[in-house]
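A.B. asks: My questions will all concern the structure given below.
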Amino acid sequence: MHTNRLAETEAGLARADQAWRFEVTRLHGPDGVLHFGYSPEGRGEEGSPMRRAYEARRHAVALWRHERRAGV
């Protein structure tokens, strides 16, 4: 496992998660992540800023998981 690569993917995931949480909160209020995080409302509509943030977060999670598995 490349420790630097894992740290990079963790940082990328943190940034992507923060951007997605910002969009959910902006549209659904302070409890939006709790209420809509795992529902279609938490993904946003196609082409929307929330959907772009959701997809970026989903991609960041996949990269992070890949790096974690590489170290096992």
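Here, A, B, ... name the chains of the structure tokens in the order displayed, residue numbers run from 1 inside each chain, and ligands are numbered from 1 in the same displayed order.
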I'd like the contact shell of stretch 54-57 of chain A - 7 Å cut-off, only C-alpha atoms, skipping same-chain residues fewer than 2 positions apart - returned as a PyMOL selection string.
C.D. replies: chain A and resi 13+16-17+20+43+50-52+59-61
A.B. asks: From a DSSP pass on the backbone, collect the residues of chain A flagged as helix (DSSP H, G or I) and hand them back as a ChimeraX atom specification.
C.D. replies: /A:3-28,32-36,40-42,49-70
A.B. asks: Show which residues sit within 10 Å of A:Gly44, as a list in words. Count only C-alpha atoms, and ignore same-chain residues fewer than 2 positions away.
C.D. replies: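 My reading of the contact set: Glu23, Val24, Leu27, Ser39, Pro40, Glu41, Gly42, Glu46, Gly47, Ser48, Pro49, Met50, Arg51, Arg52, Ala53, Tyr54 and Glu55 of chain A.
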A.B. asks: Rank A:Ala19, A:Leu34, A:Leu6, A:Ala11 by their smallest atom-to-atom distance to A:Arg68, using only C-alpha atoms, and report the top residue only.
C.D. replies: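 Checking each of A:Ala19, A:Leu34, A:Leu6, A:Ala11 against A:Arg68, counting only C-alpha atoms, the winner is A:Leu6.
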A.B. asks: Expressed in Å to a single decimal, how great is the separation between atom CA of A:His66 and atom CA of A:Arg21?
C.D. replies: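 Those two atoms sit 22.7 Å apart.
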A.B. asks: Provide the atom CA of A:Glu10 to atom CA of A:Trp64 distance in Å, to one decimal place.
C.D. replies: 6.2 Å
A.B. asks: A:Glu45, A:Glu67, A:Gly32, A:Arg58: which is nearest A:Asn4, counting only C-alpha atoms?
C.D. replies: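 Between A:Glu45, A:Glu67, A:Gly32, A:Arg58, the residue approaching A:Asn4 most closely is A:Glu67.
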A.B. asks: For atom CA of A:Gly29 and atom CA of A:Thr9, quote the distance in Å rounded to one decimal.
C.D. replies: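 Taking atom CA of A:Gly29 and atom CA of A:Thr9, their separation equals 28.2 Å.
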